[in-house]
Amino acid sequence: MKILVSNDDGIHATGIRTLVESLAMDHEVYVSAPDRERSATGHALTLHKPIRVDEIDFGLPNVTAYSVSGTPSDCVKIALNAVLDIRPDVVVSGINHGPNLGADVLYSGTVSAALEGMINGVPSIAVSLVNGYEKMADFGPGATFIREYLPKLLAAGIPERTILNVNIPAVGLSDMSGIRVTDLGTRIYQDSFEKRMDPRGNVYYWLAGEIVETSDGPTTDVKVIRDNLVSITPVTSDMTNYAALETHKPLLEVTGSILPVK
């Protein structure tokens with residue numbers, strides 16, 4: 001299998017290194033990842049300056065790697081449309097240092113890299129390690145799980161216009177309770193901005209705050225990850241609220257406006 005791997009923590013991050021080492025045991029792996037950390041960049045693209053791509057020695061057989069000066073979405077887009085002379089069978093983004101649960105998917109560069117693969121017609125998944133923020137986090141069990149699970153997943157098929165957002169508990173394989181298909185839970189942040197001053201006397205702000213979690217129910221990603229289950233959430237790029245199309249159509253097409261209702 002030919003696999004394109006990307007991430008948002010940067011090409012030298014432990015998570016992507018561990019994942020690539022695992023996948024390269026059985027597959028042909030291509031890496032296109034940011035040259036530095038690009039977390040929480042969402043689906044941003046680089047439009048107003050050049051994108052530089054450098055092939056680097058990843059130190060592994062069956063691995064071709066590129067360091068890219070752009071965002072995670074840039075990395076996948078440029079790999080598929082300019083750099084690679086092969087078409088990968090799947091895009092795997094991760095393993096992210098930390099979870100991507102609930103509303104995290106709106107900000108996540110990891111998820112956006114997978115979405116870019118899907119937009120370009122390649123089956124794609126995003127993978128994150130819960131508690132992967134820790135410097136000594138062990139990405140090995142998660143990488144092994146993905147290596148073993150990926151062929152079965154692709155054989156089963158991923159729905160059209162959909163990626164799979166995978167969150168893996170930070171425990172050993174024997175301590176993972178199983179797999180659960182989930183919906184997105186509620187995971188919001190109580191934002192706060194620390195006002196600081198640089199050595200030249202200029203004011204700047206540093207985003208801080210705390211996570212506020214509510215699981216919403218037994219089938220959410222936020223809930224099942226607490227039970228050491230691997231959470232797999234189908235995420236679509238179609239942001240249309242189809243229920244609102246039915247329930248609010250008469251209200252939104254307000255009669256008496258300056259435009260006629262068609």
# chains A, B, ... in the order shown; residues from 1 in each chain; ligands from 1
>>> select_by_dssp(residues="segment 49-109 of chain A", states="helix (DSSP H, G or I)", output="MDAnalysis selection string")
chainID A and resid 72:83 102:106 109
>>> write_last_selection(atoms="C-alpha atoms", output="PDB file, in the first residue's frame")
ATOM      1  CA  PRO A  72      -0.792  21.062   6.947  1.00  0.00           C
ATOM      2  CA  SER A  73      -3.331  21.614   4.159  1.00  0.00           C
ATOM      3  CA  ASP A  74      -0.537  22.982   1.951  1.00  0.00           C
ATOM      4  CA  CYS A  75       1.515  19.863   2.655  1.00  0.00           C
ATOM      5  CA  VAL A  76      -1.145  17.458   1.418  1.00  0.00           C
ATOM      6  CA  LYS A  77      -2.300  19.636  -1.478  1.00  0.00           C
ATOM      7  CA  ILE A  78       1.214  20.178  -2.854  1.00  0.00           C
ATOM      8  CA  ALA A  79       2.199  16.533  -2.375  1.00  0.00           C
ATOM      9  CA  LEU A  80      -0.816  15.263  -4.311  1.00  0.00           C
ATOM     10  CA  ASN A  81      -0.752  17.868  -7.052  1.00  0.00           C
ATOM     11  CA  ALA A  82       2.905  18.778  -7.574  1.00  0.00           C
ATOM     12  CA  VAL A  83       5.531  16.748  -5.730  1.00  0.00           C
ATOM     13  CA  GLY A 102     -15.553  17.715  19.690  1.00  0.00           C
ATOM     14  CA  ALA A 103     -15.066  21.268  18.426  1.00  0.00           C
ATOM     15  CA  ASP A 104     -11.294  20.704  18.155  1.00  0.00           C
ATOM     16  CA  VAL A 105     -11.919  19.494  14.594  1.00  0.00           C
ATOM     17  CA  LEU A 106     -12.759  23.073  13.555  1.00  0.00           C
ATOM     18  CA  GLY A 109      -4.416  21.237  11.344  1.00  0.00           C
TER      19      GLY A 109
END
>>> residues_around(residues="Glu148 of chain A", least_positions_apart="4", cutoff="12 Å", atoms="only C-alpha atoms", output="compact mmCIF listing (two decimals) with N, CA and C atoms, in the first residue's frame")
# COMPACT_ATOMS: atom_id res chain seq x y z
N LEU A 19 4.65 6.95 13.91
CA LEU A 19 3.67 6.42 12.95
C LEU A 19 4.35 5.95 11.68
N SER A 22 6.22 2.69 12.06
CA SER A 22 5.32 1.55 12.12
C SER A 22 4.77 1.20 10.74
N LEU A 23 4.27 2.21 10.01
CA LEU A 23 3.68 1.95 8.70
C LEU A 23 4.70 1.44 7.70
N MET A 25 6.98 -0.59 8.08
CA MET A 25 7.26 -2.01 8.25
C MET A 25 6.55 -2.84 7.19
N ASP A 26 5.37 -2.35 6.73
CA ASP A 26 4.56 -3.13 5.79
C ASP A 26 4.23 -2.40 4.50
N HIS A 27 4.49 -1.08 4.44
CA HIS A 27 3.97 -0.29 3.33
C HIS A 27 5.02 0.68 2.79
N PRO A 141 1.83 2.27 20.88
CA PRO A 141 0.60 1.48 20.78
C PRO A 141 -0.37 2.03 19.74
N GLY A 142 -0.50 3.35 19.68
CA GLY A 142 -1.39 3.95 18.69
C GLY A 142 -0.91 3.69 17.27
N ALA A 143 0.39 3.78 17.05
CA ALA A 143 0.95 3.53 15.73
C ALA A 143 0.74 2.08 15.31
N THR A 144 0.92 1.17 16.25
CA THR A 144 0.69 -0.26 15.95
C THR A 144 -0.77 -0.51 15.62
N LYS A 152 -7.81 -3.11 7.00
CA LYS A 152 -9.20 -3.54 7.23
C LYS A 152 -10.15 -2.38 7.00
N LEU A 153 -9.74 -1.20 7.43
CA LEU A 153 -10.57 -0.02 7.27
C LEU A 153 -10.78 0.31 5.80
N LEU A 154 -9.71 0.27 5.02
CA LEU A 154 -9.82 0.59 3.61
C LEU A 154 -10.60 -0.47 2.85
N LEU A 173 -1.76 -1.32 24.23
CA LEU A 173 -2.76 -2.01 23.42
C LEU A 173 -3.65 -2.92 24.26
>>> residues_around(residues="Ile86 of chain A", least_positions_apart="6", cutoff="12 Å", atoms="only C-alpha atoms", output="PyMOL selection string")
chain A and resi 1-4+28-30+64+79-80
>>> atom_distance(atom1="atom CA of Ser192 of chain A", atom2="atom CA of Ser39 of chain A")
18.5 Å
>>> atom_distance(atom1="atom CA of Thr71 of chain A", atom2="atom CA of Ser237 of chain A")
18.4 Å
>>> closest_residue(among="A:Ser231, A:Thr219, A:Thr14, A:Ser32", to="Val127 of chain A", atoms="only C-alpha atoms")
A:Ser231
>>> atom_distance(atom1="atom CA of Asn7 of chain A", atom2="atom CA of Ile146 of chain A")
14.8 Å
>>> residues_around(residues="segment 207-216 of chain A", least_positions_apart="6", cutoff="7 Å", atoms="only C-alpha atoms", output="list in words")
Gly185, Thr186, Arg187, Ile188, Tyr189, Gln190, Asp191, Ser192, Phe193, Glu194, Val222 and Lys223 of chain A
>>> write_last_selection(atoms="C-alpha atoms", output="PDB file, in the first residue's frame")
ATOM      1  CA  GLY A 185     -19.083  15.647  21.764  1.00  0.00           C
ATOM      2  CA  THR A 186     -18.914  19.072  23.346  1.00  0.00           C
ATOM      3  CA  ARG A 187     -15.399  20.216  24.095  1.00  0.00           C
ATOM      4  CA  ILE A 188     -15.045  23.959  24.380  1.00  0.00           C
ATOM      5  CA  TYR A 189     -12.444  26.249  25.871  1.00  0.00           C
ATOM      6  CA  GLN A 190     -12.860  28.916  28.504  1.00  0.00           C
ATOM      7  CA  ASP A 191     -10.597  31.395  26.755  1.00  0.00           C
ATOM      8  CA  SER A 192      -8.454  33.938  28.517  1.00  0.00           C
ATOM      9  CA  PHE A 193      -5.753  36.228  27.184  1.00  0.00           C
ATOM     10  CA  GLU A 194      -2.734  37.069  29.301  1.00  0.00           C
ATOM     11  CA  VAL A 222     -15.381  12.845  24.590  1.00  0.00           C
ATOM     12  CA  LYS A 223     -17.156  10.148  26.615  1.00  0.00           C
TER      13      LYS A 223
END
>>> closest_residue(among="A:Gly98, A:Pro123, A:Gly70, A:Pro260", to="Asp138 of chain A", atoms="only C-alpha atoms")
A:Gly98
>>> select_by_dssp(residues="segment 154-220 of chain A", states="strand (DSSP E or B)", output="tab-separated table (two decimals) with N, CA and C atoms, in the first residue's frame")
chain	number	residue	atom	x	y	z
A	162	THR	N	-16.08	12.09	3.28
A	162	THR	CA	-15.95	11.88	4.72
A	162	THR	C	-14.53	11.45	5.06
A	163	ILE	N	-14.02	11.96	6.18
A	163	ILE	CA	-12.81	11.42	6.76
A	163	ILE	C	-13.17	10.73	8.07
A	164	LEU	N	-12.25	9.96	8.58
A	164	LEU	CA	-12.43	9.35	9.89
A	164	LEU	C	-11.48	10.02	10.87
A	165	ASN	N	-12.03	10.59	11.92
A	165	ASN	CA	-11.25	11.25	12.97
A	165	ASN	C	-11.04	10.26	14.11
A	166	VAL	N	-9.82	9.77	14.23
A	166	VAL	CA	-9.50	8.71	15.19
A	166	VAL	C	-8.79	9.30	16.39
A	167	ASN	N	-9.32	9.06	17.59
A	167	ASN	CA	-8.66	9.45	18.84
A	167	ASN	C	-8.33	8.18	19.61
A	168	ILE	N	-7.07	8.09	20.04
A	168	ILE	CA	-6.57	6.87	20.67
A	168	ILE	C	-6.19	7.18	22.12
A	178	GLY	N	-11.45	-1.35	23.27
A	178	GLY	CA	-12.09	-1.69	22.00
A	178	GLY	C	-12.22	-0.47	21.13
A	179	ILE	N	-13.07	-0.56	20.12
A	179	ILE	CA	-13.30	0.51	19.16
A	179	ILE	C	-14.77	0.91	19.24
A	180	ARG	N	-15.03	2.20	19.18
A	180	ARG	CA	-16.40	2.69	19.18
A	180	ARG	C	-16.55	3.79	18.12
A	181	VAL	N	-17.54	3.65	17.27
A	181	VAL	CA	-17.87	4.71	16.32
A	181	VAL	C	-18.70	5.75	17.08
A	183	ASP	N	-20.08	10.11	17.73
A	183	ASP	CA	-20.36	11.44	17.22
A	183	ASP	C	-19.51	12.44	18.00
A	186	THR	N	-19.11	17.65	23.07
A	186	THR	CA	-18.91	19.07	23.35
A	186	THR	C	-17.61	19.24	24.09
A	187	ARG	N	-16.69	19.95	23.47
A	187	ARG	CA	-15.40	20.22	24.09
A	187	ARG	C	-15.02	21.64	23.74
A	188	ILE	N	-15.29	22.55	24.64
A	188	ILE	CA	-15.04	23.96	24.38
A	188	ILE	C	-13.99	24.48	25.35
A	189	TYR	N	-13.51	25.66	25.07
A	189	TYR	CA	-12.44	26.25	25.87
A	189	TYR	C	-12.94	27.54	26.53
A	190	GLN	N	-12.62	27.67	27.79
A	190	GLN	CA	-12.86	28.92	28.50
A	190	GLN	C	-11.65	29.80	28.24
A	191	ASP	N	-11.76	30.63	27.21
A	191	ASP	CA	-10.60	31.39	26.76
A	191	ASP	C	-10.24	32.52	27.72
A	192	SER	N	-8.95	32.76	27.82
A	192	SER	CA	-8.45	33.94	28.52
A	192	SER	C	-7.18	34.38	27.82
A	193	PHE	N	-6.94	35.67	27.83
A	193	PHE	CA	-5.75	36.23	27.18
A	193	PHE	C	-4.89	36.92	28.23
A	194	GLU	N	-3.67	36.44	28.37
A	194	GLU	CA	-2.73	37.07	29.30
A	194	GLU	C	-2.06	38.25	28.62
A	195	LYS	N	-2.17	39.41	29.24
A	195	LYS	CA	-1.56	40.62	28.71
A	195	LYS	C	-0.13	40.72	29.21
A	196	ARG	N	0.82	40.81	28.29
A	196	ARG	CA	2.22	40.84	28.66
A	196	ARG	C	2.92	41.99	27.95
A	197	MET	N	4.17	42.19	28.31
A	197	MET	CA	4.96	43.26	27.70
A	197	MET	C	6.33	42.71	27.30
A	203	VAL	N	3.10	45.95	24.20
A	203	VAL	CA	2.12	45.02	24.77
A	203	VAL	C	1.80	43.91	23.76
A	204	TYR	N	1.69	42.66	24.27
A	204	TYR	CA	1.21	41.57	23.44
A	204	TYR	C	0.33	40.67	24.30
A	205	TYR	N	-0.39	39.77	23.67
A	205	TYR	CA	-1.32	38.90	24.37
A	205	TYR	C	-0.97	37.44	24.10
A	206	TRP	N	-1.14	36.62	25.12
A	206	TRP	CA	-0.88	35.18	24.99
A	206	TRP	C	-2.16	34.43	25.34
A	207	LEU	N	-2.64	33.63	24.37
A	207	LEU	CA	-3.87	32.89	24.57
A	207	LEU	C	-3.66	31.78	25.59
A	208	ALA	N	-4.49	31.75	26.61
A	208	ALA	CA	-4.43	30.71	27.64
A	208	ALA	C	-5.84	30.14	27.80
A	209	GLY	N	-6.21	29.77	29.00
A	209	GLY	CA	-7.55	29.26	29.24
A	209	GLY	C	-7.56	27.79	29.59
A	210	GLU	N	-8.78	27.29	29.87
A	210	GLU	CA	-8.96	25.91	30.27
A	210	GLU	C	-10.01	25.24	29.41
A	211	ILE	N	-9.90	23.92	29.32
A	211	ILE	CA	-10.88	23.13	28.56
A	211	ILE	C	-12.11	22.89	29.42
A	212	VAL	N	-13.28	23.06	28.80
A	212	VAL	CA	-14.54	22.73	29.46
A	212	VAL	C	-15.17	21.60	28.65
A	213	GLU	N	-15.33	20.44	29.25
A	213	GLU	CA	-15.85	19.28	28.53
A	213	GLU	C	-17.20	18.86	29.09
A	214	THR	N	-18.14	18.57	28.18
A	214	THR	CA	-19.36	17.85	28.54
A	214	THR	C	-19.55	16.80	27.46
A	220	THR	N	-20.56	9.84	22.41
A	220	THR	CA	-19.67	10.91	21.96
A	220	THR	C	-18.21	10.51	22.11
>>> closest_residue(among="A:Ser124, A:Ile11, A:Leu245, A:Asn62", to="Pro159 of chain A", atoms="only C-alpha atoms")
A:Ser124
